[in-house]
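One file, my_file08.pdb, carrying PDB, C-alpha atoms:
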ATOM      1  CA  MET Y 255      -9.198  10.728  21.373  1.00  0.00           C
ATOM      2  CA  SER Y 256      -6.062  11.236  19.294  1.00  0.00           C
ATOM      3  CA  GLU Y 257      -5.572  14.080  16.842  1.00  0.00           C
ATOM      4  CA  ARG Y 258      -5.988  11.719  13.929  1.00  0.00           C
ATOM      5  CA  ASP Y 259      -9.364  10.613  15.333  1.00  0.00           C
ATOM      6  CA  THR Y 260     -10.670  14.191  15.127  1.00  0.00           C
ATOM      7  CA  GLN Y 261      -9.495  14.722  11.527  1.00  0.00           C
ATOM      8  CA  SER Y 262     -12.147  15.690   8.974  1.00  0.00           C
ATOM      9  CA  ASN Y 263     -11.385  18.165   6.181  1.00  0.00           C
ATOM     10  CA  ILE Y 264      -8.328  17.095   4.166  1.00  0.00           C
ATOM     11  CA  THR Y 265      -6.174  19.980   2.957  1.00  0.00           C
ATOM     12  CA  THR Y 266      -2.865  18.070   2.721  1.00  0.00           C
ATOM     13  CA  ALA Y 267      -2.383  14.686   1.076  1.00  0.00           C
ATOM     14  CA  ILE Y 268       0.952  12.871   1.316  1.00  0.00           C
ATOM     15  CA  PHE Y 269       1.271  10.048  -1.207  1.00  0.00           C
ATOM     16  CA  ASP Y 270       3.418   6.971  -1.398  1.00  0.00           C
ATOM     17  CA  PHE Y 271       4.627   6.399  -4.978  1.00  0.00           C
ATOM     18  CA  ASP Y 272       5.141   2.816  -6.177  1.00  0.00           C
ATOM     19  CA  GLY Y 273       1.916   0.850  -5.994  1.00  0.00           C
ATOM     20  CA  THR Y 274      -0.040   3.992  -5.145  1.00  0.00           C
ATOM     21  CA  ILE Y 275       0.560   6.462  -7.992  1.00  0.00           C
ATOM     22  CA  ILE Y 276       2.388   4.269 -10.496  1.00  0.00           C
ATOM     23  CA  ASP Y 277       1.962   0.600 -11.314  1.00  0.00           C
ATOM     24  CA  SER Y 278       5.407  -0.985 -11.052  1.00  0.00           C
ATOM     25  CA  SER Y 279       4.049  -4.479 -10.369  1.00  0.00           C
ATOM     26  CA  SER Y 280       5.192  -5.790 -13.754  1.00  0.00           C
ATOM     27  CA  ALA Y 281       8.822  -5.370 -12.698  1.00  0.00           C
ATOM     28  CA  VAL Y 282       8.682  -6.881  -9.222  1.00  0.00           C
ATOM     29  CA  LEU Y 283       9.223 -10.488 -10.275  1.00  0.00           C
ATOM     30  CA  GLU Y 284      12.031  -9.548 -12.675  1.00  0.00           C
ATOM     31  CA  VAL Y 285      13.811  -7.465 -10.025  1.00  0.00           C
ATOM     32  CA  MET Y 286      13.378 -10.191  -7.410  1.00  0.00           C
ATOM     33  CA  ARG Y 287      15.000 -12.710  -9.753  1.00  0.00           C
ATOM     34  CA  LYS Y 288      17.987 -10.405 -10.255  1.00  0.00           C
ATOM     35  CA  LEU Y 289      18.295  -9.922  -6.511  1.00  0.00           C
ATOM     36  CA  SER Y 290      18.132 -13.673  -5.966  1.00  0.00           C
ATOM     37  CA  VAL Y 291      21.205 -14.145  -8.147  1.00  0.00           C
ATOM     38  CA  ARG Y 292      23.279 -11.424  -6.492  1.00  0.00           C
ATOM     39  CA  TYR Y 293      22.272 -12.121  -2.886  1.00  0.00           C
ATOM     40  CA  ARG Y 294      21.577 -15.866  -3.161  1.00  0.00           C
ATOM     41  CA  LEU Y 295      17.931 -15.504  -2.261  1.00  0.00           C
ATOM     42  CA  PRO Y 296      15.179 -18.028  -3.054  1.00  0.00           C
ATOM     43  CA  VAL Y 297      13.925 -17.738  -6.622  1.00  0.00           C
ATOM     44  CA  LEU Y 298      10.259 -16.739  -6.515  1.00  0.00           C
ATOM     45  CA  SER Y 299       7.606 -17.857  -8.972  1.00  0.00           C
ATOM     46  CA  ALA Y 300       4.546 -15.742  -9.735  1.00  0.00           C
ATOM     47  CA  GLU Y 301       2.619 -17.958  -7.319  1.00  0.00           C
ATOM     48  CA  ASP Y 302       5.236 -17.422  -4.599  1.00  0.00           C
ATOM     49  CA  LEU Y 303       5.012 -13.665  -5.120  1.00  0.00           C
ATOM     50  CA  ALA Y 304       1.223 -13.756  -4.815  1.00  0.00           C
ATOM     51  CA  GLU Y 305       1.550 -15.651  -1.544  1.00  0.00           C
ATOM     52  CA  ILE Y 306       4.218 -13.366  -0.103  1.00  0.00           C
ATOM     53  CA  ARG Y 307       1.980 -10.334  -0.767  1.00  0.00           C
ATOM     54  CA  THR Y 308      -0.301 -11.635   1.981  1.00  0.00           C
ATOM     55  CA  ARG Y 309       2.467 -11.455   4.591  1.00  0.00           C
ATOM     56  CA  PRO Y 310       3.785  -8.505   6.641  1.00  0.00           C
ATOM     57  CA  LEU Y 311       7.233  -7.232   5.685  1.00  0.00           C
ATOM     58  CA  SER Y 312       8.941  -8.908   8.645  1.00  0.00           C
ATOM     59  CA  ASP Y 313       7.517 -12.282   7.547  1.00  0.00           C
ATOM     60  CA  ARG Y 314       8.676 -11.691   3.963  1.00  0.00           C
ATOM     61  CA  LEU Y 315      12.216 -11.040   5.109  1.00  0.00           C
ATOM     62  CA  ALA Y 316      12.143 -14.228   7.175  1.00  0.00           C
ATOM     63  CA  ILE Y 317      10.824 -16.281   4.242  1.00  0.00           C
ATOM     64  CA  LEU Y 318      13.551 -14.914   1.978  1.00  0.00           C
ATOM     65  CA  GLY Y 319      16.219 -15.360   4.641  1.00  0.00           C
ATOM     66  CA  ILE Y 320      17.153 -11.666   4.645  1.00  0.00           C
ATOM     67  CA  PRO Y 321      18.508 -10.286   7.948  1.00  0.00           C
ATOM     68  CA  ARG Y 322      17.461  -6.708   8.704  1.00  0.00           C
ATOM     69  CA  TRP Y 323      21.031  -5.435   8.547  1.00  0.00           C
ATOM     70  CA  LYS Y 324      21.208  -6.467   4.889  1.00  0.00           C
ATOM     71  CA  VAL Y 325      17.948  -4.739   3.877  1.00  0.00           C
ATOM     72  CA  PRO Y 326      19.514  -1.317   3.010  1.00  0.00           C
ATOM     73  CA  PHE Y 327      22.033  -2.936   0.653  1.00  0.00           C
ATOM     74  CA  ILE Y 328      19.400  -5.033  -1.123  1.00  0.00           C
ATOM     75  CA  ALA Y 329      17.018  -2.062  -1.306  1.00  0.00           C
ATOM     76  CA  ARG Y 330      19.668   0.105  -3.003  1.00  0.00           C
ATOM     77  CA  THR Y 331      20.319  -2.616  -5.575  1.00  0.00           C
ATOM     78  CA  ALA Y 332      16.587  -3.007  -6.181  1.00  0.00           C
ATOM     79  CA  LEU Y 333      16.248   0.744  -6.759  1.00  0.00           C
ATOM     80  CA  ARG Y 334      18.966   0.632  -9.412  1.00  0.00           C
ATOM     81  CA  HIS Y 335      17.099  -2.122 -11.231  1.00  0.00           C
ATOM     82  CA  PHE Y 336      13.797  -0.251 -10.960  1.00  0.00           C
ATOM     83  CA  SER Y 337      15.487   2.893 -12.274  1.00  0.00           C
ATOM     84  CA  ASN Y 338      16.275   1.085 -15.525  1.00  0.00           C
ATOM     85  CA  LEU Y 339      12.586   0.254 -15.930  1.00  0.00           C
ATOM     86  CA  MET Y 340      10.946   3.494 -14.766  1.00  0.00           C
ATOM     87  CA  ASP Y 341      10.011   4.612 -18.262  1.00  0.00           C
ATOM     88  CA  SER Y 342       7.803   1.539 -18.685  1.00  0.00           C
ATOM     89  CA  PHE Y 343       5.650   2.092 -15.587  1.00  0.00           C
ATOM     90  CA  PRO Y 344       2.150   3.528 -16.167  1.00  0.00           C
ATOM     91  CA  LEU Y 345       0.130   5.697 -13.824  1.00  0.00           C
ATOM     92  CA  TYR Y 346      -2.927   4.009 -12.396  1.00  0.00           C
ATOM     93  CA  GLU Y 347      -5.981   4.868 -14.430  1.00  0.00           C
ATOM     94  CA  GLY Y 348      -7.465   8.206 -13.372  1.00  0.00           C
ATOM     95  CA  MET Y 349      -4.479   9.165 -11.195  1.00  0.00           C
ATOM     96  CA  GLU Y 350      -3.316  12.042 -13.391  1.00  0.00           C
ATOM     97  CA  GLU Y 351      -6.789  13.580 -13.367  1.00  0.00           C
ATOM     98  CA  LEU Y 352      -7.117  13.089  -9.610  1.00  0.00           C
ATOM     99  CA  LEU Y 353      -3.828  14.829  -8.816  1.00  0.00           C
ATOM    100  CA  ASP Y 354      -4.676  17.713 -11.140  1.00  0.00           C
ATOM    101  CA  GLU Y 355      -8.108  18.195  -9.602  1.00  0.00           C
ATOM    102  CA  LEU Y 356      -6.857  18.012  -6.024  1.00  0.00           C
ATOM    103  CA  SER Y 357      -4.176  20.588  -6.762  1.00  0.00           C
ATOM    104  CA  ARG Y 358      -6.643  22.916  -8.504  1.00  0.00           C
ATOM    105  CA  THR Y 359      -9.071  22.717  -5.601  1.00  0.00           C
ATOM    106  CA  GLY Y 360      -6.481  23.681  -2.988  1.00  0.00           C
ATOM    107  CA  VAL Y 361      -5.221  20.368  -1.602  1.00  0.00           C
ATOM    108  CA  THR Y 362      -1.464  20.546  -1.047  1.00  0.00           C
ATOM    109  CA  LEU Y 363       0.247  17.401  -2.343  1.00  0.00           C
ATOM    110  CA  TYR Y 364       3.488  15.742  -1.252  1.00  0.00           C
ATOM    111  CA  ILE Y 365       5.246  12.446  -1.930  1.00  0.00           C
ATOM    112  CA  LEU Y 366       7.073  10.347   0.645  1.00  0.00           C
ATOM    113  CA  SER Y 367       8.457   7.157  -0.875  1.00  0.00           C
ATOM    114  CA  SER Y 368      11.212   4.591  -0.484  1.00  0.00           C
ATOM    115  CA  ASN Y 369      11.975   5.150  -4.167  1.00  0.00           C
ATOM    116  CA  SER Y 370      14.607   7.740  -5.114  1.00  0.00           C
ATOM    117  CA  LYS Y 371      13.813  11.374  -5.903  1.00  0.00           C
ATOM    118  CA  LYS Y 372      15.537  10.949  -9.262  1.00  0.00           C
ATOM    119  CA  ASN Y 373      13.291   8.050 -10.239  1.00  0.00           C
ATOM    120  CA  ILE Y 374      10.147   9.782  -9.030  1.00  0.00           C
ATOM    121  CA  ARG Y 375      10.892  13.096 -10.727  1.00  0.00           C
ATOM    122  CA  ARG Y 376      11.733  11.331 -13.975  1.00  0.00           C
ATOM    123  CA  CYS Y 377       8.472   9.433 -13.935  1.00  0.00           C
ATOM    124  CA  LEU Y 378       6.363  12.475 -13.036  1.00  0.00           C
ATOM    125  CA  LYS Y 379       8.037  14.529 -15.754  1.00  0.00           C
ATOM    126  CA  ARG Y 380       7.333  11.825 -18.339  1.00  0.00           C
ATOM    127  CA  HIS Y 381       3.656  11.964 -17.392  1.00  0.00           C
ATOM    128  CA  GLY Y 382       3.555  15.758 -17.267  1.00  0.00           C
ATOM    129  CA  ILE Y 383       2.689  15.933 -13.562  1.00  0.00           C
ATOM    130  CA  SER Y 384       3.790  18.995 -11.593  1.00  0.00           C
ATOM    131  CA  SER Y 385       1.189  18.972  -8.806  1.00  0.00           C
ATOM    132  CA  PHE Y 386       3.498  18.071  -5.915  1.00  0.00           C
ATOM    133  CA  SER Y 387       4.921  20.717  -3.618  1.00  0.00           C
ATOM    134  CA  ALA Y 388       7.780  18.483  -2.474  1.00  0.00           C
ATOM    135  CA  ILE Y 389       9.155  14.964  -2.803  1.00  0.00           C
ATOM    136  CA  ARG Y 390      10.934  13.238   0.051  1.00  0.00           C
ATOM    137  CA  THR Y 391      12.666   9.870   0.208  1.00  0.00           C
ATOM    138  CA  ALA Y 392      12.469   7.584   3.219  1.00  0.00           C
ATOM    139  CA  SER Y 393      15.951   6.106   3.472  1.00  0.00           C
ATOM    140  CA  GLY Y 394      14.974   2.639   4.604  1.00  0.00           C
ATOM    141  CA  LEU Y 395      11.980   0.330   4.552  1.00  0.00           C
ATOM    142  CA  PHE Y 396      11.282   0.889   8.243  1.00  0.00           C
ATOM    143  CA  SER Y 397      11.858   4.654   8.533  1.00  0.00           C
ATOM    144  CA  LYS Y 398       8.744   6.206   7.034  1.00  0.00           C
ATOM    145  CA  ALA Y 399       7.281   7.314  10.353  1.00  0.00           C
ATOM    146  CA  ARG Y 400      10.415   9.310  11.171  1.00  0.00           C
ATOM    147  CA  HIS Y 401      10.417  10.926   7.735  1.00  0.00           C
ATOM    148  CA  LEU Y 402       6.718  11.736   7.933  1.00  0.00           C
ATOM    149  CA  LYS Y 403       7.318  13.553  11.204  1.00  0.00           C
ATOM    150  CA  ARG Y 404      10.173  15.513   9.632  1.00  0.00           C
ATOM    151  CA  MET Y 405       7.958  16.456   6.700  1.00  0.00           C
ATOM    152  CA  MET Y 406       5.227  17.653   9.024  1.00  0.00           C
ATOM    153  CA  ASN Y 407       7.705  19.856  10.885  1.00  0.00           C
ATOM    154  CA  ARG Y 408       9.463  21.087   7.754  1.00  0.00           C
ATOM    155  CA  PHE Y 409       6.286  22.099   5.928  1.00  0.00           C
ATOM    156  CA  ASP Y 410       4.181  22.995   8.966  1.00  0.00           C
ATOM    157  CA  ILE Y 411       1.620  20.290   8.177  1.00  0.00           C
ATOM    158  CA  ASP Y 412      -1.347  20.143  10.539  1.00  0.00           C
ATOM    159  CA  SER Y 413      -2.079  16.494  11.323  1.00  0.00           C
ATOM    160  CA  ARG Y 414      -5.750  17.359  11.851  1.00  0.00           C
ATOM    161  CA  ASN Y 415      -6.133  18.126   8.162  1.00  0.00           C
ATOM    162  CA  ALA Y 416      -3.608  15.768   6.571  1.00  0.00           C
ATOM    163  CA  VAL Y 417      -3.513  12.156   5.480  1.00  0.00           C
ATOM    164  CA  TYR Y 418      -0.951   9.629   4.244  1.00  0.00           C
ATOM    165  CA  ILE Y 419      -1.967   7.453   1.288  1.00  0.00           C
ATOM    166  CA  GLY Y 420      -0.190   4.183   0.574  1.00  0.00           C
ATOM    167  CA  ASP Y 421      -0.532   0.607  -0.613  1.00  0.00           C
ATOM    168  CA  GLU Y 422       1.318  -1.300   2.117  1.00  0.00           C
ATOM    169  CA  LEU Y 423       0.744  -2.247   5.727  1.00  0.00           C
ATOM    170  CA  ARG Y 424       3.973  -0.462   6.643  1.00  0.00           C
ATOM    171  CA  ASP Y 425       2.543   2.765   5.163  1.00  0.00           C
ATOM    172  CA  ILE Y 426      -0.441   2.543   7.493  1.00  0.00           C
ATOM    173  CA  THR Y 427       1.773   1.796  10.479  1.00  0.00           C
ATOM    174  CA  ALA Y 428       4.100   4.689   9.663  1.00  0.00           C
ATOM    175  CA  ALA Y 429       1.196   7.124   9.302  1.00  0.00           C
ATOM    176  CA  HIS Y 430      -0.261   6.175  12.663  1.00  0.00           C
ATOM    177  CA  GLU Y 431       3.132   6.356  14.381  1.00  0.00           C
ATOM    178  CA  ALA Y 432       3.491   9.874  12.971  1.00  0.00           C
ATOM    179  CA  GLY Y 433       0.037  10.867  14.226  1.00  0.00           C
ATOM    180  CA  LEU Y 434      -1.588  10.867  10.786  1.00  0.00           C
ATOM    181  CA  PRO Y 435      -4.658   9.051   9.521  1.00  0.00           C
ATOM    182  CA  ALA Y 436      -4.057   6.605   6.695  1.00  0.00           C
ATOM    183  CA  ILE Y 437      -5.912   5.849   3.500  1.00  0.00           C
ATOM    184  CA  ALA Y 438      -4.910   2.467   2.101  1.00  0.00           C
ATOM    185  CA  VAL Y 439      -5.312   1.725  -1.602  1.00  0.00           C
ATOM    186  CA  SER Y 440      -6.076  -1.870  -2.505  1.00  0.00           C
ATOM    187  CA  TRP Y 441      -4.607  -1.774  -6.025  1.00  0.00           C
ATOM    188  CA  GLY Y 442      -0.945  -1.839  -4.934  1.00  0.00           C
ATOM    189  CA  TYR Y 443       1.451  -4.402  -3.494  1.00  0.00           C
ATOM    190  CA  ASP Y 444      -0.196  -5.580  -0.256  1.00  0.00           C
ATOM    191  CA  THR Y 445      -3.450  -7.489  -0.381  1.00  0.00           C
ATOM    192  CA  ARG Y 446      -6.626  -5.948   0.969  1.00  0.00           C
ATOM    193  CA  GLU Y 447      -6.720  -8.540   3.745  1.00  0.00           C
ATOM    194  CA  LEU Y 448      -3.250  -7.512   4.884  1.00  0.00           C
ATOM    195  CA  LEU Y 449      -4.126  -3.810   4.754  1.00  0.00           C
ATOM    196  CA  VAL Y 450      -7.087  -4.423   7.057  1.00  0.00           C
ATOM    197  CA  GLN Y 451      -4.656  -5.563   9.761  1.00  0.00           C
ATOM    198  CA  GLY Y 452      -3.242  -2.040   9.940  1.00  0.00           C
ATOM    199  CA  ASP Y 453      -6.658  -0.547  10.768  1.00  0.00           C
ATOM    200  CA  PRO Y 454      -6.456   2.338   8.286  1.00  0.00           C
ATOM    201  CA  GLU Y 455      -9.101   5.029   8.504  1.00  0.00           C
ATOM    202  CA  ARG Y 456     -10.229   4.060   5.002  1.00  0.00           C
ATOM    203  CA  ILE Y 457      -9.455   1.432   2.381  1.00  0.00           C
ATOM    204  CA  VAL Y 458     -10.302   2.451  -1.182  1.00  0.00           C
ATOM    205  CA  ASP Y 459     -10.623   0.183  -4.206  1.00  0.00           C
ATOM    206  CA  SER Y 460     -10.478   2.732  -7.029  1.00  0.00           C
ATOM    207  CA  VAL Y 461      -9.032   6.149  -7.819  1.00  0.00           C
ATOM    208  CA  ASP Y 462     -12.593   7.514  -7.927  1.00  0.00           C
ATOM    209  CA  ASP Y 463     -13.167   6.238  -4.377  1.00  0.00           C
ATOM    210  CA  LEU Y 464      -9.927   7.902  -3.280  1.00  0.00           C
ATOM    211  CA  LYS Y 465     -11.059  11.215  -4.762  1.00  0.00           C
ATOM    212  CA  THR Y 466     -14.381  10.980  -2.942  1.00  0.00           C
ATOM    213  CA  VAL Y 467     -12.727  10.302   0.409  1.00  0.00           C
ATOM    214  CA  ILE Y 468     -10.199  13.125   0.065  1.00  0.00           C
ATOM    215  CA  GLN Y 469     -12.778  15.646  -1.090  1.00  0.00           C
ATOM    216  CA  SER Y 470     -15.461  14.619   1.405  1.00  0.00           C
ATOM    217  CA  GLY Y 471     -13.202  14.060   4.406  1.00  0.00           C
ATOM    218  CA  LEU Y 472     -12.681  10.950   6.500  1.00  0.00           C
ATOM    219  CA  LYS Y 473     -15.697  11.682   8.693  1.00  0.00           C
ATOM    220  CA  ALA Y 474     -18.125  11.911   5.777  1.00  0.00           C
TER     221      ALA Y 474
END
With the file now loaded, output its structure as structure tokens.
Amino acid sequence: MSERDTQSNITTAIFDFDGTIIDSSSAVLEVMRKLSVRYRLPVLSAEDLAEIRTRPLSDRLAILGIPRWKVPFIARTALRHFSNLMDSFPLYEGMEELLDELSRTGVTLYILSSNSKKNIRRCLKRHGISSFSAIRTASGLFSKARHLKRMMNRFDIDSRNAVYIGDELRDITAAHEAGLPAIAVSWGYDTRELLVQGDPERIVDSVDDLKTVIQSGLKA
């Protein structure tokens, strides 16, 4: 039995950002269209985007004809476009109250995201959120596991009482590679059916469900 299998009481919650805390879905199609012009990628319709959400990241890159070596360059461009739109992104309903309650009741909160610290801090400040002990950026779409491990070492996080919360299959995979259990939220980018493939410890469909799982523990 692995350490993450014995986990129960959650005292540390590490959150992804886009698609987990904030709803940036309204900008995805617009940003993809801008990227298609610069990098000569296929132009996606709303229907295409809905279909691609059902595919793992490696399949998406293949569909778009993006080699892995080009991903960092495209990701940096995408972040610049998202930065221009950050002030329009809302928190998911109930998220502000959840973060405040978790912090008040002794759960230590962190963020690990592929978004930039500047973007994240700006958004949190706009919403008046100061619950997070630290924010870290994963420099690359495939590097979250490495950054999670660094966070755990840096902040002395006990994997037996911690969890990573995200909206993508790659978040689940990264958590498990780092020895952490994963809670997947179904309101973000990846479809629920795709999240199931990652075998997360829990999938939640609302912020209220997420609060219950964190407060009750994964074994409840």
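Each of Y:Ile275, Y:Ile374, Y:Leu298, Y:Leu333 was checked against Ser440 of chain Y using all atoms listed in the file; the smallest atom-to-atom distance is that of Y:Ile275.
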Problem - Selection result of the PyMOL selection byres ((chain Y and resi 421-435) around 9) on this file, as a PyMOL selection string - result: chain Y and resi 256-259+261+270-274+310-311+395-403+406+413-420+436-445+448-456+472
Exercise for the section: Work out how far atom CA of Thr391 of chain Y is from atom CA of Lys371 of chain Y, in Å to one decimal. Expected result: 6.4 Å
Handout entry: Contact residues around Asp341 of chain Y with only C-alpha atoms at 12 Å, ignoring same-chain residues under 5 positions, as a PyMOL selection string
Key = chain Y and resi 276-278+281+336+373-381
Centre, edges in Å (one decimal): axis-aligned box, segment 421-437 of chain Y, 8 Å padding on all six sides, as lines of an AutoDock Vina configuration file:
center_x = -0.9
center_y = 4.3
center_z = 6.9
size_x = 26.0
size_y = 29.1
size_z = 31.0
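Remark: for Ala300 of chain Y, the closest of the candidate residues Y:Val325, Y:Val282, Y:Met349, Y:Ala316 is Y:Val282 (distances computed over all atoms listed in the file).
Picture a line from atom CA of Ser470 of chain Y to atom CA of Leu356 of chain Y; it runs 11.9 Å.
Interatomic distance, atom CA of Leu289 of chain Y against atom CA of Ile306 of chain Y: 15.8 Å.
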Handout entry: Test item: the PyMOL selection byres ((chain Y and resi 462) around 12) resolved as a list of chain:residue names
Key = Y:Tyr346, Y:Glu347, Y:Gly348, Y:Met349, Y:Glu350, Y:Glu351, Y:Leu352, Y:Leu353, Y:Glu355, Y:Val439, Y:Val458, Y:Asp459, Y:Ser460, Y:Val461, Y:Asp463, Y:Leu464, Y:Lys465, Y:Thr466, Y:Val467, Y:Ile468, Y:Gln469
Export segment 284-316 of chain Y from the structure block above, keeping C-alpha atoms, as a PDB file, in the first residue's frame.
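Just written: decode_33.pdb:
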ATOM      1  CA  GLU Y 284     -10.133  33.104 -28.680  1.00  0.00           C
ATOM      2  CA  VAL Y 285      -6.577  32.287 -27.578  1.00  0.00           C
ATOM      3  CA  MET Y 286      -6.496  29.152 -29.728  1.00  0.00           C
ATOM      4  CA  ARG Y 287      -7.491  31.202 -32.773  1.00  0.00           C
ATOM      5  CA  LYS Y 288      -4.660  33.658 -32.115  1.00  0.00           C
ATOM      6  CA  LEU Y 289      -2.211  30.795 -31.727  1.00  0.00           C
ATOM      7  CA  SER Y 290      -3.436  29.246 -34.966  1.00  0.00           C
ATOM      8  CA  VAL Y 291      -2.489  32.400 -36.858  1.00  0.00           C
ATOM      9  CA  ARG Y 292       0.984  32.730 -35.351  1.00  0.00           C
ATOM     10  CA  TYR Y 293       1.930  29.040 -35.410  1.00  0.00           C
ATOM     11  CA  ARG Y 294      -0.139  27.929 -38.421  1.00  0.00           C
ATOM     12  CA  LEU Y 295      -2.254  25.549 -36.398  1.00  0.00           C
ATOM     13  CA  PRO Y 296      -5.695  24.230 -37.394  1.00  0.00           C
ATOM     14  CA  VAL Y 297      -8.471  26.707 -36.657  1.00  0.00           C
ATOM     15  CA  LEU Y 298     -10.795  25.155 -34.081  1.00  0.00           C
ATOM     16  CA  SER Y 299     -14.543  25.658 -33.918  1.00  0.00           C
ATOM     17  CA  ALA Y 300     -16.469  25.423 -30.654  1.00  0.00           C
ATOM     18  CA  GLU Y 301     -17.430  21.886 -31.670  1.00  0.00           C
ATOM     19  CA  ASP Y 302     -13.783  20.988 -32.325  1.00  0.00           C
ATOM     20  CA  LEU Y 303     -12.833  22.336 -28.901  1.00  0.00           C
ATOM     21  CA  ALA Y 304     -15.550  20.264 -27.230  1.00  0.00           C
ATOM     22  CA  GLU Y 305     -14.231  17.162 -28.975  1.00  0.00           C
ATOM     23  CA  ILE Y 306     -10.589  17.834 -28.135  1.00  0.00           C
ATOM     24  CA  ARG Y 307     -11.502  18.153 -24.432  1.00  0.00           C
ATOM     25  CA  THR Y 308     -12.205  14.418 -24.464  1.00  0.00           C
ATOM     26  CA  ARG Y 309      -8.639  13.587 -25.507  1.00  0.00           C
ATOM     27  CA  PRO Y 310      -5.432  13.289 -23.439  1.00  0.00           C
ATOM     28  CA  LEU Y 311      -2.886  16.066 -23.922  1.00  0.00           C
ATOM     29  CA  SER Y 312      -0.617  13.937 -26.115  1.00  0.00           C
ATOM     30  CA  ASP Y 313      -3.542  13.271 -28.484  1.00  0.00           C
ATOM     31  CA  ARG Y 314      -4.402  16.985 -28.589  1.00  0.00           C
ATOM     32  CA  LEU Y 315      -0.874  17.874 -29.609  1.00  0.00           C
ATOM     33  CA  ALA Y 316      -0.994  15.245 -32.349  1.00  0.00           C
TER      34      ALA Y 316
END
